[in-house]
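Visitor: To be precise about what I am sending: the file is called start20.tsv and holds TSV, C-alpha atoms and all ligand atoms.
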```tsv
chain	number	residue	atom	x	y	z
A	123	MET	CA	-11.63	-24.32	48.74
A	124	GLN	CA	-9.63	-24.29	45.51
A	125	THR	CA	-8.23	-20.99	44.29
A	126	LYS	CA	-7.47	-20.28	40.69
A	127	ALA	CA	-3.79	-20.04	39.75
A	128	PRO	CA	-2.84	-16.51	38.67
A	129	MET	CA	-2.86	-16.08	34.92
A	130	GLN	CA	0.56	-16.32	33.31
A	131	ARG	CA	1.27	-13.43	30.98
A	132	PRO	CA	3.50	-14.28	28.01
A	133	LYS	CA	7.03	-12.86	28.29
A	134	THR	CA	6.92	-11.50	24.77
A	135	SER	CA	3.96	-9.79	23.21
A	136	TYR	CA	3.39	-10.70	19.57
A	137	LYS	CA	1.42	-8.61	17.13
A	138	ASN	CA	-2.21	-9.64	16.90
A	139	PHE	CA	-3.07	-8.21	13.53
A	140	PRO	CA	-6.26	-8.45	11.50
A	141	MET	CA	-6.53	-10.08	8.11
A	142	VAL	CA	-9.06	-9.40	5.37
A	143	PRO	CA	-11.99	-11.58	6.46
A	144	ARG	CA	-13.51	-12.09	3.01
A	145	VAL	CA	-11.87	-12.29	-0.38
A	146	VAL	CA	-13.13	-13.37	-3.77
A	147	TYR	CA	-10.56	-14.26	-6.43
A	148	GLY	CA	-11.04	-14.94	-10.12
A	149	ARG	CA	-11.37	-13.38	-13.55
A	150	GLY	CA	-14.80	-11.80	-13.82
A	151	SER	CA	-15.35	-11.83	-10.05
A	152	PHE	CA	-16.07	-8.07	-10.23
A	153	GLY	CA	-19.49	-9.21	-11.49
A	154	GLN	CA	-20.24	-10.65	-8.04
A	155	LEU	CA	-20.12	-7.20	-6.45
A	156	THR	CA	-23.91	-6.75	-6.71
A	157	ASP	CA	-24.48	-9.87	-4.60
A	158	ILE	CA	-21.67	-9.04	-2.20
A	159	LEU	CA	-23.05	-5.56	-1.45
A	160	LEU	CA	-26.74	-6.46	-1.31
A	161	PRO	CA	-26.84	-7.86	2.25
A	162	LYS	CA	-24.74	-4.90	3.43
A	163	ARG	CA	-27.26	-2.30	2.21
A	164	ARG	CA	-28.97	-1.06	5.37
A	165	ASN	CA	-31.86	0.56	3.48
A	166	ALA	CA	-32.56	2.43	0.25
A	167	GLU	CA	-31.47	5.74	1.83
A	168	ALA	CA	-28.07	4.43	2.95
A	169	PRO	CA	-25.98	4.50	-0.21
A	170	PHE	CA	-22.75	2.85	-1.24
A	171	ILE	CA	-20.06	5.36	-2.19
A	172	PHE	CA	-17.73	4.14	-4.96
A	173	LEU	CA	-14.36	5.91	-5.01
A	174	VAL	CA	-12.94	5.07	-8.43
A	175	ASP	CA	-9.66	5.88	-10.21
A	176	ASP	CA	-10.58	8.43	-12.90
A	177	PHE	CA	-8.77	6.31	-15.48
A	178	PHE	CA	-12.05	4.33	-15.54
A	179	GLU	CA	-14.34	7.30	-16.16
A	180	GLY	CA	-16.33	6.49	-19.31
A	181	SER	CA	-14.88	2.97	-19.49
A	182	ALA	CA	-16.66	-0.38	-19.72
A	183	LEU	CA	-15.87	-0.91	-16.03
A	184	GLU	CA	-17.88	2.19	-15.09
A	185	GLN	CA	-20.94	0.57	-16.70
A	186	ARG	CA	-20.40	-2.53	-14.55
A	187	ILE	CA	-20.37	-0.72	-11.19
A	188	PRO	CA	-23.51	-2.04	-9.48
A	189	TRP	CA	-24.99	1.24	-8.26
A	190	LEU	CA	-28.52	1.25	-6.96
A	191	PHE	CA	-30.89	3.79	-5.36
A	192	ASN	CA	-28.92	6.93	-4.48
A	193	ASP	CA	-25.43	5.37	-4.57
A	194	GLN	CA	-22.67	7.74	-5.63
A	195	ILE	CA	-19.64	7.22	-7.87
A	196	ILE	CA	-16.80	9.67	-7.25
A	197	PHE	CA	-13.94	9.61	-9.77
A	198	ILE	CA	-10.57	10.56	-8.33
A	199	SER	CA	-7.23	11.17	-10.01
A	200	ALA	CA	-4.33	8.99	-8.89
A	201	ASP	CA	-1.77	11.43	-10.31
A	202	GLU	CA	-0.81	12.44	-6.79
A	203	GLU	CA	-0.52	10.34	-3.67
A	204	PRO	CA	-3.50	10.58	-1.27
A	205	LYS	CA	-3.53	13.46	1.19
A	206	THR	CA	-5.15	13.94	4.58
A	207	GLN	CA	-6.92	17.12	3.36
A	208	GLN	CA	-8.34	15.15	0.43
A	209	VAL	CA	-9.73	12.53	2.84
A	210	ASP	CA	-11.26	15.25	5.04
A	211	ALA	CA	-12.84	16.97	2.02
A	212	LEU	CA	-14.35	13.69	0.77
A	213	VAL	CA	-15.80	12.88	4.19
A	214	LYS	CA	-17.31	16.38	4.39
A	215	LYS	CA	-18.84	16.03	0.92
A	216	ILE	CA	-20.35	12.62	1.66
A	217	LYS	CA	-21.80	13.84	4.98
A	218	ASN	CA	-23.25	16.92	3.23
A	219	ASP	CA	-24.71	14.92	0.35
A	220	PHE	CA	-26.56	12.36	2.48
A	221	GLU	CA	-28.60	12.58	5.66
A	222	GLU	CA	-28.20	8.90	6.31
A	223	MET	CA	-24.83	7.31	7.01
A	224	PRO	CA	-23.75	5.35	3.89
A	225	SER	CA	-23.88	1.56	3.91
A	226	GLY	CA	-20.23	1.45	2.91
A	227	ILE	CA	-17.29	2.66	0.85
A	228	VAL	CA	-15.90	0.80	-2.17
A	229	GLY	CA	-12.40	1.69	-3.43
A	230	ILE	CA	-11.55	0.76	-7.04
A	231	GLY	CA	-8.03	1.46	-8.31
A	232	GLY	CA	-4.40	1.17	-7.34
A	233	GLY	CA	-2.74	1.83	-3.98
A	234	THR	CA	-3.78	5.48	-4.17
A	235	LEU	CA	-7.52	4.77	-4.39
A	236	LEU	CA	-7.31	1.78	-2.04
A	237	ASP	CA	-5.66	3.90	0.66
A	238	LEU	CA	-8.09	6.79	0.14
A	239	ALA	CA	-11.10	4.49	0.47
A	240	LYS	CA	-9.73	2.92	3.67
A	241	ALA	CA	-9.10	6.35	5.19
A	242	VAL	CA	-12.53	7.71	4.19
A	243	ALA	CA	-14.23	4.63	5.70
A	244	ILE	CA	-12.39	5.26	8.99
A	245	MET	CA	-13.06	8.99	9.04
A	246	MET	CA	-16.81	8.56	8.42
A	247	ASN	CA	-16.98	7.14	11.96
A	248	ASN	CA	-14.25	9.11	13.75
A	249	PRO	CA	-13.93	12.87	14.38
A	250	GLY	CA	-11.44	14.65	12.10
A	251	PRO	CA	-9.02	15.76	10.95
A	252	SER	CA	-7.55	12.57	9.53
A	253	SER	CA	-3.99	13.77	10.19
A	254	ASN	CA	-4.71	13.10	13.89
A	255	TYR	CA	-4.68	9.39	13.14
A	256	GLN	CA	-1.41	9.18	11.18
A	257	GLY	CA	0.55	6.79	13.34
A	258	TRP	CA	-0.11	3.52	15.09
A	259	ASP	CA	-3.39	2.44	16.71
A	260	LEU	CA	-4.86	5.91	17.16
A	261	VAL	CA	-8.28	5.09	15.66
A	262	LYS	CA	-10.94	4.60	18.34
A	263	LYS	CA	-14.07	3.51	16.46
A	264	PRO	CA	-14.50	0.85	13.76
A	265	ALA	CA	-14.60	2.08	10.17
A	266	LEU	CA	-17.63	1.98	7.93
A	267	TYR	CA	-17.90	-1.31	5.97
A	268	HIS	CA	-15.32	-1.04	3.17
A	269	VAL	CA	-14.48	-3.04	0.08
A	270	GLY	CA	-11.22	-2.86	-1.90
A	271	ILE	CA	-10.87	-3.76	-5.58
A	272	PRO	CA	-7.32	-3.44	-6.94
A	273	THR	CA	-6.83	-2.57	-10.62
A	274	ILE	CA	-3.02	-2.65	-10.58
A	275	SER	CA	-0.86	-5.04	-8.56
A	276	GLY	CA	2.13	-4.64	-6.32
A	277	THR	CA	1.57	-2.41	-3.30
A	278	GLY	CA	-0.24	-4.96	-1.15
A	279	ALA	CA	-2.55	-2.10	-0.05
A	280	GLU	CA	-5.46	-4.49	-0.62
A	281	VAL	CA	-4.31	-6.63	2.31
A	282	SER	CA	-2.46	-4.27	4.65
A	283	ARG	CA	-3.64	-2.60	7.86
A	284	THR	CA	-2.41	0.82	6.80
A	285	ALA	CA	-3.66	3.70	4.66
A	286	VAL	CA	-0.62	5.77	3.70
A	287	LEU	CA	-1.37	9.50	3.55
A	288	LEU	CA	0.59	12.65	2.90
A	289	GLY	CA	-0.25	14.96	5.79
A	290	PRO	CA	0.66	18.55	6.63
A	291	GLU	CA	3.68	17.37	8.59
A	292	LYS	CA	4.51	13.89	7.42
A	293	LYS	CA	3.84	11.04	5.06
A	294	LEU	CA	2.59	8.33	7.37
A	295	GLY	CA	-0.08	5.68	7.37
A	296	ILE	CA	-3.19	5.35	9.48
A	297	ASN	CA	-2.12	2.00	10.92
A	298	SER	CA	-4.94	0.39	12.82
A	299	ASP	CA	-6.99	-2.76	13.22
A	300	TYR	CA	-9.91	-0.88	11.62
A	301	THR	CA	-7.99	0.04	8.46
A	302	THR	CA	-7.98	-3.43	6.88
A	303	TYR	CA	-10.68	-4.07	4.26
A	304	ASP	CA	-13.81	-6.04	5.21
A	305	GLN	CA	-13.95	-7.49	1.72
A	306	VAL	CA	-11.54	-7.63	-1.21
A	307	VAL	CA	-12.34	-8.54	-4.81
A	308	LEU	CA	-9.32	-9.82	-6.77
A	309	ASP	CA	-10.26	-9.83	-10.45
A	310	SER	CA	-7.16	-9.90	-12.65
A	311	ASP	CA	-9.21	-8.94	-15.73
A	312	LEU	CA	-9.03	-5.40	-14.33
A	313	LEU	CA	-5.25	-5.29	-14.81
A	314	SER	CA	-5.22	-5.59	-18.61
A	315	THR	CA	-5.05	-1.82	-19.29
A	316	VAL	CA	-2.12	-0.98	-16.99
A	317	PRO	CA	0.65	0.80	-18.99
A	318	LYS	CA	3.99	-1.02	-19.07
A	319	GLU	CA	6.11	1.41	-17.06
A	320	GLN	CA	3.50	1.73	-14.32
A	321	TRP	CA	3.15	-2.08	-14.27
A	322	PHE	CA	6.90	-2.28	-13.69
A	323	TYR	CA	7.10	0.39	-10.98
A	324	THR	CA	4.14	-0.91	-8.97
A	325	GLY	CA	5.31	-4.51	-9.50
A	326	MET	CA	8.77	-3.57	-8.24
A	327	ASP	CA	7.15	-2.25	-5.06
A	328	CYS	CA	6.14	-5.85	-4.42
A	329	PHE	CA	9.58	-7.19	-5.36
A	330	ILE	CA	11.22	-4.68	-3.00
A	331	HIS	CA	8.78	-5.60	-0.19
A	332	CYS	CA	10.03	-9.19	-0.55
A	333	VAL	CA	13.74	-8.31	-0.63
A	334	GLU	CA	13.44	-5.98	2.36
A	335	SER	CA	11.34	-8.40	4.37
A	336	LEU	CA	13.47	-11.48	3.58
A	337	ASN	CA	16.75	-9.66	4.32
A	338	GLY	CA	15.51	-7.93	7.45
A	339	THR	CA	16.34	-8.67	11.07
A	340	TYR	CA	12.60	-8.86	11.90
A	341	LEU	CA	12.18	-11.92	9.67
A	342	ASN	CA	10.30	-14.89	11.10
A	343	ALA	CA	8.79	-18.04	9.61
A	344	PHE	CA	5.42	-16.35	9.08
A	345	SER	CA	6.87	-13.49	7.01
A	346	GLN	CA	9.35	-15.73	5.28
A	347	SER	CA	6.70	-18.15	4.04
A	348	TYR	CA	4.74	-15.34	2.36
A	349	GLY	CA	7.86	-13.42	1.25
A	350	GLU	CA	9.46	-16.41	-0.46
A	351	LYS	CA	6.28	-17.20	-2.35
A	352	ALA	CA	5.87	-13.58	-3.45
A	353	LEU	CA	9.52	-13.39	-4.53
A	354	SER	CA	9.29	-16.53	-6.63
A	355	LEU	CA	6.10	-15.21	-8.29
A	356	CYS	CA	7.87	-11.88	-9.03
A	357	LYS	CA	10.75	-13.77	-10.65
A	358	GLU	CA	8.30	-15.68	-12.85
A	359	VAL	CA	6.47	-12.50	-13.81
A	360	PHE	CA	9.44	-10.21	-14.42
A	361	LEU	CA	12.15	-12.66	-15.59
A	362	GLY	CA	10.05	-15.40	-17.21
A	363	ASP	CA	8.09	-15.38	-20.43
A	364	LEU	CA	4.58	-16.03	-19.15
A	365	PRO	CA	1.47	-15.45	-21.24
A	366	GLN	CA	-0.09	-12.07	-20.34
A	367	LYS	CA	-3.03	-13.46	-18.37
A	368	GLU	CA	-0.93	-15.86	-16.32
A	369	SER	CA	1.46	-13.03	-15.60
A	370	GLU	CA	-1.42	-10.82	-14.38
A	371	ASP	CA	-2.84	-13.59	-12.18
A	372	LYS	CA	0.56	-14.26	-10.63
A	373	LEU	CA	1.40	-10.61	-9.98
A	374	MET	CA	-1.96	-10.16	-8.27
A	375	MET	CA	-1.11	-12.99	-5.89
A	376	ALA	CA	2.49	-11.79	-5.47
A	377	SER	CA	1.13	-8.44	-4.30
A	378	TRP	CA	-1.11	-10.16	-1.75
A	379	HIS	CA	1.67	-12.38	-0.41
A	380	GLY	CA	4.19	-9.53	-0.37
A	381	GLY	CA	1.73	-7.49	1.71
A	382	MET	CA	1.24	-10.41	4.09
A	383	SER	CA	4.99	-10.82	4.43
A	384	ILE	CA	5.59	-7.23	5.57
A	385	ALA	CA	2.55	-7.37	7.86
A	386	TYR	CA	4.58	-9.49	10.24
A	387	SER	CA	8.03	-8.04	9.52
A	388	GLN	CA	8.84	-4.61	8.08
A	389	VAL	CA	10.17	-2.94	4.96
A	390	GLY	CA	13.69	-1.51	4.81
A	391	ILE	CA	16.09	1.03	3.33
A	392	ALA	CA	14.49	1.65	-0.09
A	393	HIS	CA	11.17	2.44	1.59
A	394	ALA	CA	12.72	4.63	4.26
A	395	MET	CA	14.56	6.67	1.63
A	396	SER	CA	11.72	6.80	-0.87
A	397	TYR	CA	9.48	8.36	1.81
A	398	GLY	CA	11.96	11.28	1.88
A	399	LEU	CA	11.78	11.63	-1.93
A	400	SER	CA	8.03	11.49	-1.89
A	401	TYR	CA	7.66	14.09	0.85
A	402	LEU	CA	9.94	16.63	-0.80
A	403	LEU	CA	9.44	15.98	-4.52
A	404	GLY	CA	6.06	14.22	-4.62
A	405	THR	CA	7.77	11.19	-6.22
A	406	LYS	CA	5.29	8.34	-6.35
A	407	HIS	CA	5.89	5.28	-4.21
A	408	GLY	CA	6.69	2.68	-6.90
A	409	ILE	CA	9.12	4.74	-8.94
A	410	GLY	CA	10.61	6.29	-5.78
A	411	ASN	CA	11.47	2.83	-4.47
A	412	CYS	CA	13.10	1.93	-7.79
A	413	LEU	CA	15.13	5.17	-7.84
A	414	VAL	CA	16.57	4.37	-4.42
A	415	PHE	CA	16.84	0.59	-4.74
A	416	GLN	CA	19.16	0.72	-7.80
A	417	HIS	CA	21.83	2.24	-5.50
A	418	LEU	CA	21.47	-0.22	-2.61
A	419	ASP	CA	23.76	-2.98	-3.91
A	420	ARG	CA	25.84	-2.68	-0.75
A	421	TYR	CA	22.83	-3.64	1.38
A	422	TYR	CA	20.84	-5.92	-0.94
A	423	PRO	CA	23.42	-7.23	-3.49
A	424	ARG	CA	21.39	-10.15	-4.84
A	425	GLY	CA	18.16	-8.10	-4.91
A	426	VAL	CA	19.78	-5.25	-6.87
A	427	GLU	CA	21.31	-7.74	-9.29
A	428	LEU	CA	17.85	-9.23	-9.97
A	429	PHE	CA	16.30	-5.77	-10.20
A	430	ASN	CA	18.82	-4.74	-12.88
A	431	LYS	CA	18.03	-7.88	-14.88
A	432	MET	CA	14.30	-7.18	-14.69
A	433	LYS	CA	14.80	-3.55	-15.66
A	434	GLU	CA	16.92	-4.56	-18.65
A	435	LYS	CA	14.54	-7.29	-19.79
A	436	HIS	CA	11.66	-4.83	-19.94
A	437	GLY	CA	13.65	-1.90	-21.35
A	438	ILE	CA	12.82	0.39	-18.41
A	439	GLN	CA	14.82	3.63	-18.22
A	440	LEU	CA	14.69	5.25	-14.81
A	441	PRO	CA	14.79	9.06	-14.71
A	442	LYS	CA	18.20	10.54	-13.94
A	443	ASN	CA	19.40	13.58	-11.98
A	444	VAL	CA	16.19	13.64	-9.95
A	445	CYS	CA	17.93	15.27	-6.99
A	446	ALA	CA	20.35	17.36	-9.07
A	447	ASP	CA	18.66	20.71	-8.40
A	448	LEU	CA	18.07	20.22	-4.68
A	449	THR	CA	19.84	22.44	-2.19
A	450	SER	CA	21.88	20.92	0.61
A	451	SER	CA	19.12	21.80	3.09
A	452	ASP	CA	16.55	20.01	0.88
A	453	LEU	CA	18.77	16.94	0.81
A	454	GLU	CA	19.25	17.09	4.57
A	455	LEU	CA	15.50	17.34	5.11
A	456	MET	CA	14.97	14.24	2.98
A	457	ALA	CA	17.63	12.39	4.94
A	458	GLN	CA	16.06	13.46	8.25
A	459	ILE	CA	12.63	12.25	7.14
A	460	SER	CA	14.17	8.98	6.09
A	461	LEU	CA	16.14	8.52	9.32
A	462	SER	CA	13.00	9.15	11.36
A	463	MET	CA	11.56	5.86	10.04
A	464	GLU	CA	13.34	4.00	12.83
A	465	PRO	CA	11.65	0.57	12.62
A	466	LEU	CA	12.56	0.36	8.93
A	467	TRP	CA	16.23	0.99	9.67
A	468	GLU	CA	16.20	-1.35	12.62
A	469	ASN	CA	14.71	-4.08	10.46
A	470	ALA	CA	17.29	-3.46	7.73
A	471	LEU	CA	20.45	-3.06	9.80
A	472	GLY	CA	19.72	-4.32	13.30
A	473	ARG	CA	19.33	-2.67	16.69
A	474	ASP	CA	22.62	-0.82	16.33
A	475	TRP	CA	21.60	0.56	12.92
A	476	LYS	CA	22.85	4.05	13.82
A	477	LYS	CA	26.39	2.68	13.75
A	478	HIS	CA	25.94	1.57	10.14
A	479	ILE	CA	24.23	4.54	8.49
A	480	ASP	CA	24.28	8.28	9.08
A	481	MET	CA	23.31	11.53	7.43
A	482	ASP	CA	26.40	11.57	5.17
A	483	GLY	CA	25.74	8.01	4.01
A	484	LEU	CA	22.20	8.92	3.06
A	485	LEU	CA	23.20	12.16	1.36
A	486	SER	CA	25.68	10.33	-0.83
A	487	ILE	CA	22.91	7.98	-2.01
A	488	TYR	CA	20.39	10.80	-2.61
A	489	GLN	CA	23.01	12.72	-4.60
A	490	ARG	CA	23.33	9.80	-7.03
A	491	ILE	CA	19.57	9.63	-7.74
A	501	LIG	P1	-1.59	4.25	-8.16
A	501	LIG	O1	-2.87	3.90	-7.52
A	501	LIG	O2	-0.91	5.49	-7.71
A	501	LIG	O3	-1.84	4.34	-9.72
A	501	LIG	C1	-0.74	4.55	-10.61
A	501	LIG	C2	-1.24	4.88	-12.01
A	501	LIG	O4	-1.83	3.71	-12.59
A	501	LIG	C3	-2.33	5.95	-12.02
A	501	LIG	O5	-2.09	6.80	-13.13
A	501	LIG	C4	-3.61	5.16	-12.22
A	501	LIG	O6	-4.61	5.92	-12.86
A	501	LIG	C5	-3.12	4.04	-13.10
A	501	LIG	N1	-3.93	2.82	-13.10
A	501	LIG	C6	-4.37	2.09	-12.04
A	501	LIG	N2	-5.04	1.00	-12.47
A	501	LIG	C7	-5.03	1.05	-13.82
A	501	LIG	C8	-5.55	0.21	-14.84
A	501	LIG	N3	-6.17	-0.94	-14.56
A	501	LIG	N4	-5.37	0.59	-16.13
A	501	LIG	C9	-4.69	1.72	-16.44
A	501	LIG	N5	-4.16	2.55	-15.53
A	501	LIG	C10	-4.33	2.21	-14.23
A	501	LIG	O7	-0.54	3.06	-8.12
A	501	LIG	P2	0.03	2.12	-7.02
A	501	LIG	O8	1.46	1.97	-7.31
A	501	LIG	O9	-0.81	0.89	-6.93
A	501	LIG	O10	-0.18	2.89	-5.64
A	501	LIG	C11	0.74	3.80	-5.09
A	501	LIG	C12	0.19	4.26	-3.77
A	501	LIG	O11	0.06	3.13	-2.91
A	501	LIG	C13	1.03	5.27	-3.02
A	501	LIG	O12	0.22	6.31	-2.58
A	501	LIG	C14	1.60	4.50	-1.85
A	501	LIG	O13	1.84	5.30	-0.71
A	501	LIG	C15	0.52	3.48	-1.61
A	501	LIG	N6	0.96	2.26	-0.93
A	501	LIG	C16	0.19	1.78	0.07
A	501	LIG	C17	0.55	0.64	0.75
A	501	LIG	C18	-0.32	0.13	1.85
A	501	LIG	O14	-0.01	-0.90	2.43
A	501	LIG	N7	-1.39	0.78	2.18
A	501	LIG	C19	1.70	-0.07	0.39
A	501	LIG	C20	2.47	0.43	-0.64
A	501	LIG	C21	2.09	1.59	-1.32
A	502	ZN	ZN	5.94	-0.32	-0.79
```
Rewrite the structure of this file - the entire thing - as structure tokens.

Guide:
Amino acid sequence: MQTKAPMQRPKTSYKNFPMVPRVVYGRGSFGQLTDILLPKRRNAEAPFIFLVDDFFEGSALEQRIPWLFNDQIIFISADEEPKTQQVDALVKKIKNDFEEMPSGIVGIGGGTLLDLAKAVAIMMNNPGPSSNYQGWDLVKKPALYHVGIPTISGTGAEVSRTAVLLGPEKKLGINSDYTTYDQVVLDSDLLSTVPKEQWFYTGMDCFIHCVESLNGTYLNAFSQSYGEKALSLCKEVFLGDLPQKESEDKLMMASWHGGMSIAYSQVGIAHAMSYGLSYLLGTKHGIGNCLVFQHLDRYYPRGVELFNKMKEKHGIQLPKNVCADLTSSDLELMAQISLSMEPLWENALGRDWKKHIDMDGLLSIYQRI
């Protein structure tokens, strides 16, 4: 009798991460949302909940949201980064408002709304509070069907498997296989109203994703292929003289590719340090990254050189003396939060990263911001 050979387990275990299974791309593709949602409607009592950046309240886009039956549109401010308590309150409201479980959640906006919608979709099917899931692979049950529609480009939140939230103890994402969107609609017509400075800050998030991924020790051919494409698109957008629409189309794709690049590598020093700023001062992600990145010429010389050119070309003035009024214990707390992001430092500086950066090194950078 023949016996089966024992199964060989691979020596190394590679990440097996999910990608967005369905994506529609094109100007005007928002109009296809009716048809996209229709087969996902379980019945007339199971609504779709649209979480929409309140910038669009009263706008032409609001009129185009394909609500039917008892669907609900909830406008949300993106002035502050999303919080775990905000997610919990939204889930409670939706569960109170409807007897039937919704058919799905649709997030329309920038990284803030996209992350909120991902987190709400997860928490509709998992017991709270949402802060229990800040970390890696802590979510047990699949999320409710969720659709992401970016209206500003750069974060890559539309493609990533994380929903970054500010919690009671930390700013950390819900990183899970259930976080990734089931459907994304990429319609660059929605970007036309983004104000210039915000366009720059969110766009630089993408540029910094590329620099940190391409200069990291975790780099591999998968990440590199997406990172290089995203970087070259960023250069066209921020250093070239493209017509507005072409620039919007390209930044939308740069954001997607930048997100894909870090999916299989990691971000680096600017992100680690901007998390500290955000936690203590509420500094938003895009501008926080820029505030740190300008001082990282020692680590990313070519990237900082390009960043300065882009900043100059678009006449962007970054705020100064942001950390001037902080006490030494505030600064130390920021540095501690930053140093706790170990994978980011390891990616940036290698396994022996602790030999290359310490509390004093970080404090001297924060003091210059
Ligand atoms: P945002 O969503 O915070 O929005 C920034 C500003 O732009 C807001 O005032 C918003 O109202 C406005 N805005 C958005 N679209 C607009 C439009 N079409 N016209 C006019 N104004 C518009 O911006 P963001 O930079 O995309 O997102 C930042 C958030 O993304 C942070 O919370 C950060 O933690 C998160 N993030 C998530 C990931 C991820 O992978 N999940 C990655 C990076 C950043
Ligand atoms: Zn980022």

Visitor: Counting all atoms listed in the file, which of A:Ile271, A:Ile330, A:Leu461, A:Cys356 gets nearest to Tyr303 (chain A)?

Guide: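 Between A:Ile271, A:Ile330, A:Leu461, A:Cys356, the residue approaching Tyr303 (chain A) most closely is A:Ile271.
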
Visitor: Once you count all atoms listed in the file, which residues end up no further than 12 Å from (16.1, 12.0, 10.4) in the file's frame, shown as a list in words?

Guide: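 Output of the proximity query reads Ala394, Met395, Tyr397, Gly398, Leu453, Glu454, Leu455, Met456, Ala457, Gln458, Ile459, Ser460, Leu461, Ser462, Met463, Glu464, Trp467, Lys476, Ile479, Asp480, Met481, Asp482, Leu484 and Leu485 of chain A.
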
Visitor: Can you tell me how far CA of Val389 (chain A) sits from CA of Lys435 (chain A), in Å to one decimal?

Guide: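 CA of Val389 (chain A) sits 25.5 Å away from CA of Lys435 (chain A).
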
Visitor: With only C-alpha atoms and all ligand atoms as the atoms that count, which of A:Lys351, A:Arg420, A:His379, A:Lys240 lies nearest to ligand LIG 501 (chain A)?

Guide: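 Closest candidate: A:Lys240.
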
Visitor: Could you produce a table of the residues of chain A lying within 12 Å of ligand ZN 502 (chain A), with the nearest pair of atoms per residue and their separation in Å rounded to one decimal, using all atoms listed in the file, ordered by chain and increasing residue number, as a tab-separated table?

Guide:
```
residue	atom	partner	partner_atom	distance
A:Gly233	CA	A:ZN502	ZN	9.5
A:Thr234	CA	A:ZN502	ZN	11.8
A:Ser275	CA	A:ZN502	ZN	11.4
A:Gly276	CA	A:ZN502	ZN	8.0
A:Thr277	CA	A:ZN502	ZN	5.5
A:Gly278	CA	A:ZN502	ZN	7.7
A:Ala279	CA	A:ZN502	ZN	8.7
A:Ser282	CA	A:ZN502	ZN	10.8
A:Thr284	CA	A:ZN502	ZN	11.3
A:Ala285	CA	A:ZN502	ZN	11.7
A:Val286	CA	A:ZN502	ZN	10.0
A:Gly295	CA	A:ZN502	ZN	11.8
A:Tyr323	CA	A:ZN502	ZN	10.3
A:Thr324	CA	A:ZN502	ZN	8.4
A:Gly325	CA	A:ZN502	ZN	9.7
A:Met326	CA	A:ZN502	ZN	8.6
A:Asp327	CA	A:ZN502	ZN	4.8
A:Cys328	CA	A:ZN502	ZN	6.6
A:Phe329	CA	A:ZN502	ZN	9.0
A:Ile330	CA	A:ZN502	ZN	7.2
A:His331	CA	A:ZN502	ZN	6.0
A:Cys332	CA	A:ZN502	ZN	9.8
A:Val333	CA	A:ZN502	ZN	11.2
A:Glu334	CA	A:ZN502	ZN	9.9
A:Ser335	CA	A:ZN502	ZN	11.0
A:Ser377	CA	A:ZN502	ZN	10.1
A:Gly380	CA	A:ZN502	ZN	9.4
A:Gly381	CA	A:ZN502	ZN	8.7
A:Ser383	CA	A:ZN502	ZN	11.8
A:Ile384	CA	A:ZN502	ZN	9.4
A:Ala385	CA	A:ZN502	ZN	11.7
A:Gln388	CA	A:ZN502	ZN	10.3
A:Val389	CA	A:ZN502	ZN	7.6
A:Gly390	CA	A:ZN502	ZN	9.6
A:Ile391	CA	A:ZN502	ZN	11.0
A:Ala392	CA	A:ZN502	ZN	8.8
A:His393	CA	A:ZN502	ZN	6.4
A:Ala394	CA	A:ZN502	ZN	9.8
A:Met395	CA	A:ZN502	ZN	11.4
A:Ser396	CA	A:ZN502	ZN	9.2
A:Tyr397	CA	A:ZN502	ZN	9.7
A:Lys406	CA	A:ZN502	ZN	10.3
A:His407	CA	A:ZN502	ZN	6.6
A:Gly408	CA	A:ZN502	ZN	6.8
A:Ile409	CA	A:ZN502	ZN	10.1
A:Gly410	CA	A:ZN502	ZN	9.5
A:Asn411	CA	A:ZN502	ZN	7.4
A:Cys412	CA	A:ZN502	ZN	10.3
A:Phe415	CA	A:ZN502	ZN	11.6
A:Leu466	CA	A:ZN502	ZN	11.8
```

Visitor: Which residue, A:Asp363, A:Asp259, A:Asp176, A:Asp447, has the smallest gap to ligand LIG 501 (chain A) when you use all atoms listed in the file?

Guide: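 Using all atoms listed in the file, the shortest distance to ligand LIG 501 (chain A) belongs to A:Asp176.
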
Visitor: Using all atoms listed in the file, which of A:Leu312, A:Val306, A:Val414, A:His478 sits nearest Tyr147 (chain A)?

Guide: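 Counting all atoms listed in the file, the residue closest to Tyr147 (chain A) is A:Val306.
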
Visitor: Applying 8 Å and all atoms listed in the file, which residues near Val228 (chain A) remain after dropping the ones on its own chain fewer than 3 positions away? List them as a list of chain:residue names.

Guide: A:Phe170, A:Ile171, A:Phe172, A:Leu173, A:Ala239, A:His268, A:Val269, A:Gly270, A:Ile271

Visitor: Between CA of Asp201 (chain A) and CA of Ile491 (chain A), what is the distance in Å, rounded to a tenth?

Guide: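 For CA of Asp201 (chain A) relative to CA of Ile491 (chain A), the distance reads 21.6 Å.
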
Visitor: Compile the contact shell of Val209 (chain A) as number ranges by chain: residues with an atom at most 10 Å away, counting all atoms listed in the file, same-chain residues fewer than 5 positions apart removed.

Guide: A: 204, 214-215, 237-246, 250-253, 287

Visitor: Quick one, how far is CA of Leu336 (chain A) from CA of Asp311 (chain A)?

Guide: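 It comes out at 29.9 Å.
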
Visitor: Between A:Ser151, A:Gln439, A:Lys262, A:Phe177, which has the minimum distance to Lys318 (chain A) (counting all atoms listed in the file)?

Guide: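 That would be A:Gln439, the residue with the smallest distance to Lys318 (chain A).
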